[in-house]
Amino acid sequence: MPDCIAITGMGCVSAAGNNVDGHRRGLRLRERLCSISTTVGPATPYPVFEVPDPALAATPDEMRVAKLALKAAREALVDAHLDEFPPGCRVGVFLGSTTSCQLNDIEFQRAYRSSGQVWPAPPERYFTGHLAERLAWQLNLPAGPRWVIANACASATDAIGMAWEAVRQELCDIAIAGGADELSPVSLCGFHSLGVVSPVPCRPFDRDRAGLNLGEGAGIVVLESARSAARRGRETKIFVAGYGAAGDGHHMTAPHPDGRGLELAVRRALKAACIEPADIAFVNAHGTATRDNDRIEGRVLGRVFGTGVRAVSTKGYTGHALGGVGGMETIFTAMGLAEGWIPANIGFENKDPDIPFSPPTEPTPIDGRYAMSTSLAFGGGNAAIIIEHDSRKGIPA
Amino acid sequence: MKLDIVSMGVMGPFGRGHAQLAAAIAAPVPPPAAWSLPRTGMIVPVRRVEDTLLQDPILNPARRAGRFIKMAMLAAADCLRDAAIAEPAKERVGLVLVTGMGAHDINFGFVDGLLEFGMNQGSPTHFSHSVHNAATSYIAAMSGSRGPALTITHFASPLHQGLDAAGLLLAGGACDHVMLGAVDELGAFMLAIYAARGMIAGDGILRAKALDAPIGIVPGEGAAFFLLTRPGENERRRCRIARAVAPVHPATRLVLDHDGLWSRGAELPAAARGLPVACHNDVWGSFPAGGGMALAASLILLEQTPQEYMLLHTHRPGVDPIEVIA
């Protein structure tokens with residue numbers, strides 16, 4: 001079993017940037033690019049983080065979410081120098097998503113309700129739109145596993161974690177892993193119905209936070225063993241070092257009050273990476289800016305890593321892209337670790353007495369070998385992934 | 001990949017439990033039920049779980065949930081009871097639920113509510129129960145499982161994706177047991193979509209053994225759960241399953257999972273040609289996660305004839321046969 005699984009390519013698209021470089025720039029400059037939605041969701045306008053690219057609009061033969069995933073995957077493959085695959089190479093696709101898994105089309109359903117007519121295009125797009133299969137088909141990938149993990153907001157983190165296991169255990173040689181989701185009026189109405197959408201730009205971990213802003217986008221990485229990367233002459237310095245997941249087993253929408261599942265997931269990831277909490281340089285936290293999530297996540301991070309933990313939420317730049325956001329945040333974690341800085345926790349001003357730490361309000365230098373990204377999901381799913389930066393590993397033979 | 005199956009829980013149009021499925025596959029298949037589609041009045045044949053089966057005190061915490069979650073919980077509860085896992089070990093039980101379309105009926109219900117009452121008036125109950133992983137959330141709460149919980153979607157071969165996921169979790173040491181469930185539900189709007197796409201067998205006959213028959217499904221629903229572990233780690237093991245077998249043992253029976261949809265250009269793998277064939281998809285009908293039912297049927301057939309080997313061939317794209325041995 002290969003024990004060093006490298007990230008050899010990364011691709012990302014969200015309202016905060018059109019690619020990884022764009023995100024680097026946006027996060028450094030503290031750019032907050034949300035807009036007030038007048039076309040998506042409930043009658044009340046809410047801020048959302050929409051990718052401003054007309055080329056990504058849904059078409060009769062392709063869902064918008066698939067276009068977002070494809071854009072990020074192409075960037076990741078170019079970054080990995082994978083314009084072709086070695087003969088016999090098994091390429092797995094492991095993606096997290098929520099919106100691609102459901103046939104959510106309000107106008108389609110309105111037409112059926114009024115006339116009994118079933119328009120042909122939306123079901124065709126849905127049944128041919130399994131995100132992993134679609135991506136593999138569009139990119140003409142060699143055979144391998146094709147998974148879509150629908151674990152709500154932890155989907156992409158779980159997808160990367162399971163892809164890491166799949167490469168370690170040689171279910172495939174290379175994995176394209178991450179997640180994607182699109183802004184959907186159904187999702188926005190749903191979160192509005194739960195009373196967790198903020199009427200103003202979100203403020204993760206702030207005392208006066210008022211809820212989340214929805215976003216959209218994709219974050220996709222290429223994973224392969226360091227040996228495989230070396231065979232291709234690809235230098236590797238960034239690795240997935242560990243993954244842990246656990247269910248709260250508590251409630252449909254509310255996290256466990258003590259963060260039982262999150263703490264288990266974090267400790268399992270540390271154990272898988274064979275490291276201690278003190279080895280973690282920073283945490284890219286889930287930090288949705290809902291009252292419950294931030295309080296419970298903040299307490300768990302304080303309990304495991306101490307009140308001096310460096311934890312930052314990047315939701316203030318991207319919004320909450322649901323099943324795709326874990327992919328983006330894994331990339332931000334890798335980027336920050338490799339470059340020695342973390343972004344400001346945009347939106348944070350006042351410390352919450354219920355949260356035992358304050359996130360950074362400016363881009364901040366960091367130094368360390370490991371960092372963690374956490375995700376908490378609706379339904380009590382929790383996932384944590386550990387990224388390692390080690391320039392001594394994986395030098396081409 | 002080799003995995004041991006320790007226990008099983010099933011529910012479907014045939015009823016709830018191992019004995020009900022065993023009886024159904026031994027008996028002549030009754031005619032399907034008829035479902036009148038709203039708005040058009042079109043009648044379509046279906047294999048549907050009786051509503052009365054979805055009433056059980058176990059479901060009290062999930063009283064607001066739809067059929068998908070309820071079927072999953074009942075089958076999972078039976079699977080766990082059958083396994084008799086001790087309390088401390090439950091923290092090391094992972095969950096993998098595979099499905100084609102998840103709780104789609106309640107999702108359409110949420111959108112119906114928006115259209116009926118306004119975009120500001122969505123039902124939080126419908127929304128929270130429409131997410132794909134809602135079922136694993138309820139099962140984790142019911143069972144005390146604290147392991148990883150994954151919900152994986154695939155239209156063609158969700159069972160195989162789930163077996164791979166369970167194998168990875170077990171081999172990687174993330175948990176000691178994995179409860180793998182394969183679940184799909186029926187719903188009126190999706191039936192209307194199937195009908196409009198010309199997928200449904202108008203005569204209500206699922207030509208499950210006819211590999212060259214044109215597409216014709218009889219929509220069905222159900223849930224099958226299996227408690228899996230690493231080979232040799234639980235003495236209550238009922239059978240062992242393995243992927244990609246060759247050569248085939250001479251005493252092998254082919255269990256064909258063929259739901260009437262993935263039939264064009266069908267050919268059996270070379271290893272399976274000439275074997276005696278069992279095919280029971282007409283007992284539970286056609287649904288993406290129906291491979292779970294076929295695996296359950298394989299276990300039952302194996303228990304009836306333990307001297308035999310079962311080769312489960314899910315006739316869908318890109319999957320290997322699964323060998324099931326005592």
# chains A, B, ... in the order shown; residues from 1 in each chain; ligands from 1
$ interface_residues --of "chain B" --to "chain A" --cutoff "7 Å" --atoms "only C-alpha atoms" --output "JSON, numbers by chain"
{"B": [39, 40, 101, 104, 111, 115, 119, 120, 121, 122, 123, 124, 127, 128, 132, 133, 134, 137, 140, 141, 144, 145, 146, 147, 148, 149, 150, 151, 152, 153, 154, 161, 168, 172, 193, 196]}
$ select_by_dssp --residues "range 166-289 of chain A" --states "alpha helix (DSSP H)" --output "PyMOL selection string"
chain A and resi 166-168+185-193+226-231+260-273
$ atom_distance --atom1 "CA of Ile36 in chain A" --atom2 "CA of Pro201 in chain A"
9.4 Å
$ closest_residue --among "B:Trp284, B:Ala23, B:Met190, B:Gly204" --to "Tyr126 in chain A" --atoms "only C-alpha atoms"
B:Met190
$ residues_around --residues "Gln307 in chain B" --least-positions-apart "4" --cutoff "10 Å" --atoms "only C-alpha atoms" --output "PyMOL selection string"
chain B and resi 251-252+302-303+325-326
$ atom_distance --atom1 "CA of Ala278 in chain B" --atom2 "CA of Ala223 in chain B"
20.4 Å
$ residues_around --residues "range 344-358 of chain A" --least-positions-apart "5" --cutoff "6 Å" --atoms "only C-alpha atoms" --output "ChimeraX atom specification"
/A:203,206-207,295,298-299,302,307,312-313,316,363
$ residues_around --residues "range 29-35 of chain B" --least-positions-apart "3" --cutoff "8 Å" --atoms "only C-alpha atoms" --output "number ranges by chain"
B: 24-25, 43-48, 204, 218, 282-283
